[in-house]
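> One structure is given below, represented as structure tokens, and several questions about it will come after.
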Amino acid sequence: MSVEKLIFEKGAPGRHSDVLPAMDVPEQPLDDLLPAEFQRATPAALPEVSEIEVVRHYTHLSQRNFGVDVGFYPLGSCTMKYNPKINEETASMPGFARIHPLASESMTQGAIQLLYELERYIAEITGMQRVTLQPAAGAHGEITGLMIIKAYHESRGDIHRDIVLIPDGAHGTNPASATLANYQTVELKSDKRGGVDVAHLKEMLAKYEGKIAALMMTNPNTLGVFDERIVEIAQLVHDAGGQLYYDGANANAIMGITRPGDMGFDVVHLNLHKTMSTPHGGGGPGAGPIGVAKHLVPFLPGPLPAHGREGYYWQDAGPQSIGRVRANFGNFLVLVRAYTYIRSNGPDGLRHISESAVLNANYLMQALKSDYLLPYDRTCMHEFVLSADRQKALGVSALDIAKRILDFGMYPPTIYFPLIVHEALMIEPTETETLETLDEFIAVMRQIAREAREEPSLLLDAPHVTVVGRLDQTLAARKPDLCWRPDVRAGRPAEVAETANTR
Amino acid sequence: MSVEKLIFEKGAPGRHSDVLPAMDVPEQPLDDLLPAEFQRATPAALPEVSEIEVVRHYTHLSQRNFGVDVGFYPLGSCTMKYNPKINEETASMPGFARIHPLASESMTQGAIQLLYELERYIAEITGMQRVTLQPAAGAHGEITGLMIIKAYHESRGDIHRDIVLIPDGAHGTNPASATLANYQTVELKSDKRGGVDVAHLKEMLAKYEGKIAALMMTNPNTLGVFDERIVEIAQLVHDAGGQLYYDGANANAIMGITRPGDMGFDVVHLNLHKTMSTPHGGGGPGAGPIGVAKHLVPFLPGPLPAHGREGYYWQDAGPQSIGRVRANFGNFLVLVRAYTYIRSNGPDGLRHISESAVLNANYLMQALKSDYLLPYDRTCMHEFVLSADRQKALGVSALDIAKRILDFGMYPPTIYFPLIVHEALMIEPTETETLETLDEFIAVMRQIAREAREEPSLLLDAPHVTVVGRLDQTLAARKPDLCWRPDVRAGRPAEVAETANTR
Amino acid sequence: MSYVPNTVAEQEAMLREVGATSIEDLLAPIPAEVRLKRPLDLPPALGEPDVRRLLMALAEQNADLDHYPSFLGAGSYDHVIPSVVPQLFKRSEFYTSYTPYQPELSQGMLQAIYEFQTMVCELTEMEVANASLYDGSTSVVEATLMAVGPSGRGEVVVSRALDPQYRATLKVYAWARGFTLREVGLEDGATSLTALQEAITPDTKAVIVQHPNFFGSLEDMRAIEKVTHASKALLIVAITEPASLGVIAPPGAYNADIVAAEGQSLGSPMGYGGPALGLFATRSELVRRAPGRLVGKTVDNRGQTGYVLTLQTREQHIRRERATSNICTNQSLLALAATIYLASLGKQGFQAMARQCLQKAHHAQQRIAEIPGFSPLFSRPFFDEFAMATPLPAEQINAALRDRSIIGGYELARDYPEFGDALLFCVTEHRTRDEIETLATALEEITGSAE
Amino acid sequence: MSYVPNTVAEQEAMLREVGATSIEDLLAPIPAEVRLKRPLDLPPALGEPDVRRLLMALAEQNADLDHYPSFLGAGSYDHVIPSVVPQLFKRSEFYTSYTPYQPELSQGMLQAIYEFQTMVCELTEMEVANASLYDGSTSVVEATLMAVGPSGRGEVVVSRALDPQYRATLKVYAWARGFTLREVGLEDGATSLTALQEAITPDTKAVIVQHPNFFGSLEDMRAIEKVTHASKALLIVAITEPASLGVIAPPGAYNADIVAAEGQSLGSPMGYGGPALGLFATRSELVRRAPGRLVGKTVDNRGQTGYVLTLQTREQHIRRERATSNICTNQSLLALAATIYLASLGKQGFQAMARQCLQKAHHAQQRIAEIPGFSPLFSRPFFDEFAMATPLPAEQINAALRDRSIIGGYELARDYPEFGDALLFCVTEHRTRDEIETLATALEEITGSAE
Ligand SMILES: Cc1ncc(COP(=O)(O)O)c(C=O)c1O
Ligand SMILES: Cc1ncc(COP(=O)(O)O)c(C=O)c1O
């Protein structure tokens, strides 16, 4: 596949599509409507291309992209599973896609009902009392949850709790969110089995007595390991006056099997773009609703969907609510997909999903642990983390392995996360992969392990068959080029492209 | 891109998707409803695959296919131009896509109105009196038109007209259709300028006096040349008692400029999947409506859309109608696209399309005639035909050139048609290609001409970068393998695939 | 004008390049006397949003099946289409491609058609299938023409239980091509075996029977086959409802020679009857007489498997007036839809779907038969369609159903006056029990039997 | 269960392979006391067609913009979306991909985002733009947090003409992060310059003004900029209606420091308010303080151009608690939609679209102003939204419009009781003159001024 120019390098002055409606009102002089000082001086230098050019360009770009529909995508912690097509269909229905958030409740009964029911489904799945659907993604759920915890402590006059405990294996959004909520973070060590080091936890609880606002955890954690001491941990944190936050990015392992609420968590976010299989869209949109235990309900953002004699309506937040965390009601069309997914699978289906996710992960883990170091060698849940340490000794890194995987038409695992594993390869196959695909991945990983021993240059120079070779990240960061410069557009587009391509 | 197995080679016994509704009526024993002798003994051995397997498989197949959305497609006589996306949108509206052809007229007013108006638009564009929208493609239009001509002659007791004259450059469907209507075909020679050899025509008219049913022509013809003597030709045929049939596959050259009706044609078909840009779908569906002059209207197939005091309705065919040429009303969703296209472009737009198609073709022709033989060196209309005779002398054929073009990410021209040009390369760029694309094609063709001289093996072994190399057509025809055999499916799918791949 | 990319300035430069001063120069070969001297008399161009509005307004004047539960079949069937089907077959690499003349760049479509051919063979238990024909009616025509052969002469016997539109189509072609059609009458809503036996002569080239027939009834295909093959005629089986093949014996099982079917049921939108999907299957030994495109498996010069259009010497572009058929453009995209549909339902699902049709249709028939004045018109087994005598004129009942936003059955008297007031109902797996109940209740109200 | 491909038999084989006898073995680490001992209390699974019916029934209870002409804006805008936009951005290679961590296999999305960043810079005349944030409201939050900096302290001045929902959102974050918000009042529907001047203190980190503001009015941005930059505060411009940038002066032209906008207007379906598209642009020198993903151009080891996520040391996955923001998942797919949208409209089209909005909105305003009792609430220039005082309570008017299947304007008193009975109307290029006339006539009827 040859290089695809930028859209700005295509087209010619004056090219355009006819995508506007008729201008059917009498036209008034521009200056009469808009005094000169408010007018834009020069039009934005957007592309000047015809419709066929737009279509071919973005079709070509799509051909230069890889999604779950194209192949295996075992990106750990990201739960890249099959995104059912029916969800795309329902989310495209005009009665969902083309409705105004501020239209009156009587004109949006179906939307409110859907959200009302979805809230209850998520509450049931997580074992929480109520749920806000506002957060746009996991990280947004985290900060929302932490603000609720903050409001809770404040409401009790418990105003010195400014510390959030976070295990060392946690996702980066957890500490970042804590900072955002003005908390200090204290890192908790993991024990040898990959769980929270309870001794260390106790130590920290003692050290910061009266100052612990919360513990943020994901369980199964980012090693794919279920922390068996969760009840004890919860008890300890609660006893110390702290709240328990559950990062539900890994909930694909537990649906119908166990619930954060039952483990003792007070706040939970779910990544619907993971567990509920709403597509990740190349980086978003997602949805990160949070559920809370009963004592935190008054602090939830509002409004919340409600049902009364007159039908469904939006209930304003009460006096203790933190307020809203974004405009409108959440990533509604993502929520429609999640609703569709839950209704399609039902209770047994959701449990079967989680069980199958766990089985697939264990199957891969058992098969790969002879060729790669498995630092925590125990039954995993939906994912597991290998280390490329042995390969590193041969001079190839997790990055090299990842790049080599690309040559086999597969996306590589997440690498260098969690931070507590050297040269981490974090593998999450998900439940929607066939046995054949798992076996193929095993074969690829074994071959790569062999190559690392016998022909490491194959890895070091990888990828070989992708549309571009290994890209220079350092250069990108050192001399950031974040935006095509209109001023170099003066020349003939083709020439400019050449220049651009070799600078 | 690696080999893609057949869908039958994927999956495993018992795999499936849940795409059925609930079985919500009380179930009765099968034998009570369907006596055993009517029952199927063994279920059809359809694939047993999960949804993700279906999605990936057909996504992969799409990646192994090339369409106008991917690149330049100058297939002469096929008018592969941009298929506007709005047409896909309108054709997908449930009020068009999900309506039953036998629902009452009161329930399908919009559909009948659309067809009523479309009939009139096509009549205006072609200069004919009325139009039937029934034919499913060009060839279907041809046989329909010839049957109308037959009925016309018969109605006048003129029953000895069993000959149809067809120029030697005509498309294969013309003689095939004539046979189907029980006519004998007589081939008309072309003159040196590429038009109908009028002397030969006169000779044939004299030879077959009283026996000529019709002359079938396309104008511009398949050389892309407009036959200037059309009025004279029409006069001659009419004087001989024959009818003139216009194969409108090449109408992209003439919209708003000239009309078959005004040239003297009695019957015209249009390929909406060419001129009106309805997508060709990898081989269909198309739509080949035919328009007829006033004297032929009584013979049109019925029913025809009509409008009266109660709204739109289907008017039954009259007593002289040939009857219907298919079930229902035509390829309706294709007609919706054509209607959308005509409304989007309007009269000026349609003319601009044809003018631009002509300009693009002449631009390419001028640029290429130094490297390739141009047998009819005169202004062309929407397409032109080169000959690879010069290259043939160097040992490479039109086929080799076509295969080499594939390596540049373009579809090749039509080859070996029309039959009157040796080693024909029939090039139709269409109006929707940009100047840059035309220039790119010129560069490719020049490079290939150079390669033919300097490195012919590059052509002889082409294509090089496609998912498969040059395919063995002879083997395919000699040992036809038209169907995957279920009996070899016994083994493990992977093994079977291997076997299949190496036979 | 929006789809022409090049600007006026660019076109002027191009004109200069070709040595013309204006487009008029290039149009010079067109004699003045045939030039159109005025703009086409068509409505002016509309921008995209205005076109969308216009078309939406037209579309919404039609009763779409999402909002009007339909009990109408008679050749077009409302089956569930899995969401994956449109989302995949509408990928633009497929739908914006032409007939795969250059196989190396069209492997996707070719392989899909090869899979399609295989699936059609599986469904019908025939040996070869082609890449599609226009629709069921013209597929029956092609089958008949194939049976009649190059002479175009002879006799063809056709059951009166063949879809009336198909019979009408066949009649036109029979007249044009020059063969004789003999219609065989009915007995209890199926082809009369005695009449059939009488109709067959030494000149009979083919016998055409629809199964399930137009009334939804199952024919005695084994008996028909015997009678047909007792002479040298070919047995052509027409199928309008291929969903039936999930549960009833396929044509291959009773030795059919040619199967000519309508494939709309298999994943294509109903679309007011078109585009539809002509299925065509036959025995291997007849393949060189078959119409239409065929995709075959072969190898490339690197030893890899690939797919090509094959046996093209049958076709018009090679054989011209001696071609087996004039077909060129066919219905590939719908064949692709059918392929994806059948892959999605799969072995189990296709069978389960057919069984649902059977069960729901029988449930509906039994329920309607309970309503005073409604009684089964025939006693033969059926799949998902059944004819009921009605206590009021069929049009009157349908009009009243229409007022309740229900699409009623087919008014048989339109084509079979001999049956008097009768409706042919269709109930597929897509109808729910509730909808059936709504229909039955409505019929009770309309005919005054509701309490 | 349908999306799990492996069968029971296969799963059993896999269990054997891992040395387990049942899935229970693998779940053993989960203590019994936290195990759910009953099935989840959720409705049972539905097959695909039943799900489709259910969702369609819910969808059809909502007033969609195809059937209810809307004069409601207030943060969500009904612009025409060209047909190519959804057909391209819904290609599954895009929407089923993750954040492009492995750039070599994600060049399509990366290049598109690079184009997006460029287009946002073009629209705003700013120097850098990021790969998107959640929506306009959180983009304003991020901009504010960036201005406030790592300390999290200080004061931020915000105009009362900033969207009320945005102000509400900001308030929560201000409380949590620990900075102070000062609201500046209005004068003739725009930020009061005197009040602004008074509100700014040496501690002011940023001034936030929406433009066009919530009432559709244009602010005196040059004056505001002067006042703001007279102190060391950053000027944050919030935009909810980026279509305005086709005709009004962009933030770069009046020296804004950060632009935080809602991009839904640019090709995304309104979707009941989400997913929306947070746009974020700033000056080059501030880029290392900016939140969110950034795509940069680079070269590969073969010398070819390519695109990667860059400057990641600002981000949570590297910098953790010291990151500039906690954002991870953003709104890439909508950024892609916006990119395709802007490419489709192009330089001319985008400007023409904005001018249509301007013209149609003014036509509507003038028409409504002719109706007795309706008068413009403010006298400032506006783009496509304008506030009108109404002769009857706004809710009463809206209810009556609703009965006529029209979505009326925003009831200002919901957030601005000080303005009494008033409606904020929005008229984009998508409204036709007929629809405007229908609205006006309805208003006449409702308020009794129709003759
Ligand atoms: C464990 C974990 N927590 C939190 C997040 C953040 O979720 P989001 O990307 O939706 O903000 C992720 C996503 O990558 C995650 O894997
Ligand atoms: C000149 C000409 N005539 C007739 C036809 C037949 O049209 P169709 O393929 O629609 O049957 C074609 C199409 O290839 C053609 O190019």
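Ordering of the structure tokens sets the chain letters (A, B, ...), residue numbers begin anew at 1 in every chain, and ligands are numbered from 1 in the order given.
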I need the strand (DSSP E or B) residues of segment 246-334 of chain D per DSSP on the backbone, written as JSON, numbers by chain.
{"D": [248, 258, 259, 260, 261, 262, 278, 279, 280, 281, 282, 295, 296, 297, 298, 299, 300, 305, 306, 307, 308, 309]}
> Would you mind exporting the chosen residues as a tab-separated table (two decimals), in the first residue's frame, restricted to N, CA and C atoms?

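Once written, part-v7.tsv looks like this:
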chain	number	residue	atom	x	y	z
D	248	ILE	N	-17.41	34.23	11.86
D	248	ILE	CA	-16.94	35.21	12.84
D	248	ILE	C	-15.45	35.03	13.13
D	258	ILE	N	-6.32	29.81	25.20
D	258	ILE	CA	-6.83	28.44	25.08
D	258	ILE	C	-8.24	28.51	24.49
D	259	VAL	N	-8.51	27.59	23.59
D	259	VAL	CA	-9.88	27.45	23.08
D	259	VAL	C	-10.39	26.10	23.55
D	260	ALA	N	-11.54	26.13	24.17
D	260	ALA	CA	-12.16	24.89	24.65
D	260	ALA	C	-13.55	24.88	24.06
D	261	ALA	N	-13.80	23.90	23.19
D	261	ALA	CA	-15.04	23.96	22.43
D	261	ALA	C	-15.75	22.63	22.37
D	262	GLU	N	-17.00	22.71	22.02
D	262	GLU	CA	-17.82	21.53	21.76
D	262	GLU	C	-17.88	21.38	20.25
D	278	GLY	N	-15.01	17.08	22.53
D	278	GLY	CA	-14.28	18.21	23.12
D	278	GLY	C	-13.14	18.64	22.21
D	279	LEU	N	-13.18	19.90	21.80
D	279	LEU	CA	-12.06	20.45	21.03
D	279	LEU	C	-11.19	21.25	22.00
D	280	PHE	N	-9.90	21.20	21.76
D	280	PHE	CA	-8.97	21.90	22.64
D	280	PHE	C	-7.79	22.39	21.83
D	281	ALA	N	-7.57	23.70	21.86
D	281	ALA	CA	-6.46	24.27	21.11
D	281	ALA	C	-5.79	25.35	21.97
D	282	THR	N	-4.51	25.52	21.71
D	282	THR	CA	-3.80	26.51	22.52
D	282	THR	C	-2.59	27.04	21.74
D	295	VAL	N	-1.09	13.84	18.38
D	295	VAL	CA	-0.48	13.04	17.31
D	295	VAL	C	0.54	13.90	16.60
D	296	GLY	N	1.71	13.33	16.38
D	296	GLY	CA	2.76	14.06	15.69
D	296	GLY	C	3.27	13.28	14.49
D	297	LYS	N	3.84	14.04	13.60
D	297	LYS	CA	4.41	13.44	12.40
D	297	LYS	C	5.85	13.02	12.70
D	298	THR	N	6.26	11.90	12.13
D	298	THR	CA	7.65	11.47	12.29
D	298	THR	C	8.05	10.64	11.08
D	299	VAL	N	9.17	9.94	11.18
D	299	VAL	CA	9.60	9.08	10.06
D	299	VAL	C	9.84	7.67	10.59
D	300	ASP	N	9.80	6.70	9.69
D	300	ASP	CA	10.06	5.33	10.10
D	300	ASP	C	11.48	4.94	9.72
D	305	THR	N	7.27	8.89	5.90
D	305	THR	CA	6.48	9.65	6.87
D	305	THR	C	5.52	8.74	7.60
D	306	GLY	N	5.33	9.01	8.86
D	306	GLY	CA	4.34	8.27	9.63
D	306	GLY	C	3.87	9.12	10.79
D	307	TYR	N	2.90	8.66	11.51
D	307	TYR	CA	2.30	9.43	12.60
D	307	TYR	C	2.28	8.60	13.87
D	308	VAL	N	2.50	9.28	14.98
D	308	VAL	CA	2.53	8.59	16.29
D	308	VAL	C	1.87	9.46	17.36
D	309	LEU	N	1.47	8.84	18.44
D	309	LEU	CA	1.10	9.60	19.64
D	309	LEU	C	2.40	10.17	20.19
> Quick one: DSSP helix (DSSP H, G or I) residues in segment 96-297 of chain D, as a PyMOL selection string?
chain D and resi 103-105+107-124+136-148+164-177+193-199+221-230+242-246+251-254+271-273+284-289
> Once you count only C-alpha atoms, which residues of chain A turn out to be within 7 Å of chain B? Could you give them as a list in words?
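Contact residues on the first chain: Ile52, Val55, Arg56, Thr59, His60, Asp69, Val70, Gly71 and Tyr82 of chain A.
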> If we count only C-alpha atoms, what is near Phe94 of chain D at a cut-off of 10 Å, once residues fewer than 5 positions away on the same chain are taken out, given as a list in words?
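The filter keeps Tyr58, Thr59, Leu61, Ser62, Gln63, Arg64, Asn65, Phe66, Gly67, Val68, Asp69, Pro279, His280, Gly281, Gly282 and Gly283 of chain A; Leu88, Phe89, Ser106, Gly108, Met109, Ser332, Leu333 and Leu336 of chain D.
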> Write the residues of the preceding selection, restricted to N, CA, C and O atoms, as a short mmCIF file (atom, residue, chain, number, x, y, z; two decimals), in the first residue's frame.

data_model
loop_
_atom_site.label_atom_id
_atom_site.label_comp_id
_atom_site.auth_asym_id
_atom_site.auth_seq_id
_atom_site.Cartn_x
_atom_site.Cartn_y
_atom_site.Cartn_z
N TYR A 58 -10.44 8.70 2.95
CA TYR A 58 -10.73 8.08 4.25
C TYR A 58 -10.94 6.58 4.11
O TYR A 58 -10.74 5.84 5.08
N THR A 59 -11.31 6.13 2.93
CA THR A 59 -11.33 4.68 2.70
C THR A 59 -9.89 4.16 2.77
O THR A 59 -9.63 3.13 3.42
N LEU A 61 -7.42 5.53 4.37
CA LEU A 61 -6.95 5.57 5.77
C LEU A 61 -7.51 4.38 6.54
O LEU A 61 -6.82 3.78 7.36
N SER A 62 -8.75 4.04 6.28
CA SER A 62 -9.31 2.88 6.99
C SER A 62 -8.52 1.62 6.65
O SER A 62 -8.31 0.75 7.51
N GLN A 63 -8.07 1.53 5.41
CA GLN A 63 -7.29 0.36 5.02
C GLN A 63 -5.94 0.33 5.73
O GLN A 63 -5.29 -0.72 5.77
N ARG A 64 -5.53 1.46 6.24
CA ARG A 64 -4.27 1.54 6.97
C ARG A 64 -4.50 1.44 8.48
O ARG A 64 -3.67 1.89 9.27
N ASN A 65 -5.64 0.91 8.86
CA ASN A 65 -5.95 0.79 10.28
C ASN A 65 -6.39 -0.65 10.59
O ASN A 65 -6.86 -1.35 9.72
N PHE A 66 -6.25 -1.02 11.83
CA PHE A 66 -6.52 -2.39 12.24
C PHE A 66 -7.51 -2.36 13.39
O PHE A 66 -7.29 -1.67 14.38
N GLY A 67 -8.60 -3.09 13.24
CA GLY A 67 -9.59 -3.16 14.31
C GLY A 67 -9.90 -4.60 14.66
O GLY A 67 -9.39 -5.52 14.02
N VAL A 68 -10.75 -4.75 15.65
CA VAL A 68 -11.17 -6.10 16.06
C VAL A 68 -11.82 -6.83 14.89
O VAL A 68 -11.70 -8.05 14.75
N ASP A 69 -12.50 -6.10 14.03
CA ASP A 69 -13.13 -6.74 12.87
C ASP A 69 -12.09 -7.31 11.91
O ASP A 69 -12.42 -8.11 11.05
N PRO A 279 -17.81 -0.18 21.07
CA PRO A 279 -16.53 -0.09 20.36
C PRO A 279 -15.68 1.07 20.84
O PRO A 279 -16.20 2.12 21.21
N HIS A 280 -14.39 0.88 20.76
CA HIS A 280 -13.51 1.89 21.32
C HIS A 280 -13.22 3.03 20.35
O HIS A 280 -12.62 4.05 20.72
N GLY A 281 -13.63 2.90 19.11
CA GLY A 281 -13.58 4.03 18.18
C GLY A 281 -12.20 4.59 17.91
O GLY A 281 -12.07 5.77 17.58
N GLY A 282 -11.18 3.79 18.06
CA GLY A 282 -9.83 4.29 17.79
C GLY A 282 -9.33 5.22 18.88
O GLY A 282 -8.38 5.98 18.67
N GLY A 283 -9.99 5.16 20.05
CA GLY A 283 -9.54 6.03 21.14
C GLY A 283 -10.71 6.61 21.92
O GLY A 283 -10.52 7.30 22.91
N LEU D 88 -18.35 6.83 6.11
CA LEU D 88 -16.91 6.62 6.22
C LEU D 88 -16.46 6.40 7.66
O LEU D 88 -15.68 5.50 7.94
N PHE D 89 -16.97 7.20 8.58
CA PHE D 89 -16.40 7.04 9.93
C PHE D 89 -16.90 5.77 10.58
O PHE D 89 -16.30 5.28 11.54
N SER D 106 -1.82 1.33 12.96
CA SER D 106 -2.91 2.27 13.22
C SER D 106 -2.67 3.59 12.50
O SER D 106 -3.12 4.64 12.95
N GLY D 108 -3.93 4.79 9.89
CA GLY D 108 -5.14 5.43 9.38
C GLY D 108 -5.72 6.40 10.38
O GLY D 108 -5.98 7.58 10.09
N MET D 109 -5.90 5.92 11.60
CA MET D 109 -6.48 6.75 12.63
C MET D 109 -5.51 7.87 13.00
O MET D 109 -5.92 9.01 13.21
N SER D 332 -12.02 9.95 19.89
CA SER D 332 -11.38 9.87 18.58
C SER D 332 -12.34 9.70 17.42
O SER D 332 -12.17 10.30 16.36
N LEU D 333 -13.33 8.84 17.61
CA LEU D 333 -14.19 8.54 16.47
C LEU D 333 -14.96 9.79 16.04
O LEU D 333 -15.22 10.00 14.86
N LEU D 336 -12.70 11.94 14.17
CA LEU D 336 -12.65 11.47 12.78
C LEU D 336 -13.86 11.96 12.00
O LEU D 336 -13.74 12.43 10.86
#
> Using only C-alpha atoms and all ligand atoms, determine which residues fall within 9 Å of ligand 2, then list them as a PyMOL selection string.
(chain B and resi 76-79+136-142+170-174+217-218+221-222+247-250+269-274+283-288) or (chain C and resi 317+326-330)
> Please report the interatomic distance between atom CA of Gln129 of chain A and atom CA of Ala293 of chain A in Å with one decimal.
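Atom CA of Ala293 of chain A lies 5.1 Å from atom CA of Gln129 of chain A.
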> Could you check which of A:Asn87, A:Thr278, A:Thr430, A:Ser397 is closest to chain C, using only C-alpha atoms?
A:Asn87
> Extract, using only C-alpha atoms, all DNA, RNA and protein residues at most 6 Å from Leu424 of chain C, discarding same-chain residues fewer than 6 positions from it, and format them as a ChimeraX atom specification.
/C:386-387,409-410
> Considering only C-alpha atoms, tabulate each residue of chain D that lies at most 8 Å from chain C along with its nearest interatomic pair and the corresponding distance in Å to one decimal; arrange the rows by chain and ascending residue number and present them as JSON lines.

{"residue": "D:Glu48", "atom": "CA", "partner": "C:Pro82", "partner_atom": "CA", "distance": 7.3}
{"residue": "D:Pro49", "atom": "CA", "partner": "C:Val80", "partner_atom": "CA", "distance": 6.7}
{"residue": "D:Val80", "atom": "CA", "partner": "C:Pro49", "partner_atom": "CA", "distance": 6.7}
{"residue": "D:Pro82", "atom": "CA", "partner": "C:Glu48", "partner_atom": "CA", "distance": 7.3}
{"residue": "D:Arg91", "atom": "CA", "partner": "C:Arg91", "partner_atom": "CA", "distance": 7.9}
{"residue": "D:His430", "atom": "CA", "partner": "C:Pro49", "partner_atom": "CA", "distance": 7.9}
> Keeping only all heavy atoms, write those residues as a tab-separated table (two decimals), in the first residue's frame.

chain	number	residue	atom	x	y	z
D	48	GLU	N	-31.54	-11.44	18.60
D	48	GLU	CA	-31.30	-10.17	17.93
D	48	GLU	C	-32.56	-9.47	17.42
D	48	GLU	O	-32.74	-8.27	17.66
D	48	GLU	CB	-30.30	-10.39	16.79
D	48	GLU	CG	-29.80	-9.09	16.24
D	48	GLU	CD	-28.89	-9.28	15.02
D	48	GLU	OE1	-27.72	-9.61	15.20
D	48	GLU	OE2	-29.37	-9.06	13.90
D	49	PRO	N	-33.46	-10.16	16.76
D	49	PRO	CA	-34.64	-9.44	16.26
D	49	PRO	C	-35.52	-8.90	17.39
D	49	PRO	O	-36.16	-7.85	17.23
D	49	PRO	CB	-35.40	-10.48	15.43
D	49	PRO	CG	-34.65	-11.76	15.53
D	49	PRO	CD	-33.39	-11.55	16.28
D	80	VAL	N	-26.64	20.01	9.11
D	80	VAL	CA	-26.67	18.95	8.10
D	80	VAL	C	-25.39	18.11	8.22
D	80	VAL	O	-24.31	18.67	8.35
D	80	VAL	CB	-26.72	19.57	6.69
D	80	VAL	CG1	-26.53	18.50	5.62
D	80	VAL	CG2	-28.03	20.33	6.50
D	82	PRO	N	-23.30	15.57	5.98
D	82	PRO	CA	-23.24	14.95	4.65
D	82	PRO	C	-23.21	13.43	4.75
D	82	PRO	O	-22.66	12.87	5.71
D	82	PRO	CB	-21.91	15.47	4.08
D	82	PRO	CG	-21.61	16.71	4.85
D	82	PRO	CD	-22.18	16.48	6.22
D	91	ARG	N	-16.72	2.93	9.14
D	91	ARG	CA	-15.97	1.77	8.63
D	91	ARG	C	-15.32	1.07	9.83
D	91	ARG	O	-14.74	1.70	10.70
D	91	ARG	CB	-14.94	2.21	7.59
D	91	ARG	CG	-15.60	2.51	6.23
D	91	ARG	CD	-14.61	2.87	5.16
D	91	ARG	NE	-13.65	1.81	4.93
D	91	ARG	CZ	-13.84	0.77	4.11
D	91	ARG	NH1	-14.95	0.66	3.42
D	91	ARG	NH2	-12.92	-0.14	3.97
D	430	HIS	N	-29.88	24.07	8.52
D	430	HIS	CA	-30.74	22.90	8.30
D	430	HIS	C	-32.23	23.25	8.31
D	430	HIS	O	-33.05	22.50	7.82
D	430	HIS	CB	-30.45	21.85	9.39
D	430	HIS	CG	-30.70	20.44	8.92
D	430	HIS	ND1	-30.29	19.35	9.60
D	430	HIS	CD2	-31.34	19.95	7.83
D	430	HIS	CE1	-30.66	18.25	8.96
D	430	HIS	NE2	-31.30	18.59	7.88
> Write out as a list in words each polymer residue whose atoms come within 12 Å of Ser370 of chain A, counting only C-alpha atoms; drop sequence neighbours fewer than 3 positions from it.
Leu364, Met365, Gln366, Ala367, Leu373, Leu374, Pro375, Asp377, Leu386, Ser387, Ala388, Arg390, Ile442, Met445, Arg446, Ala449 and Arg450 of chain A
> List the spatial neighbours of Val141 of chain D as a ChimeraX atom specification - criterion: any atom at most 6 Å away, only C-alpha atoms, same-chain residues fewer than 3 positions off excluded.
/D:138,144,170
> Any idea what's packed within 10 Å of Gly273 of chain D, counting only C-alpha atoms, ignoring anything in its chain fewer than 5 positions away? Could you give it as a list of chain:residue names?
A:Ala97, A:Arg98, A:Ile99, A:His100, A:Pro101, A:Leu102, A:Ala327, A:Asn328, A:Phe329, A:Gly330, A:Asn331, A:Phe332, A:Leu333, D:Gly75, D:Ser76, D:Tyr77, D:Asp135, D:Gln264
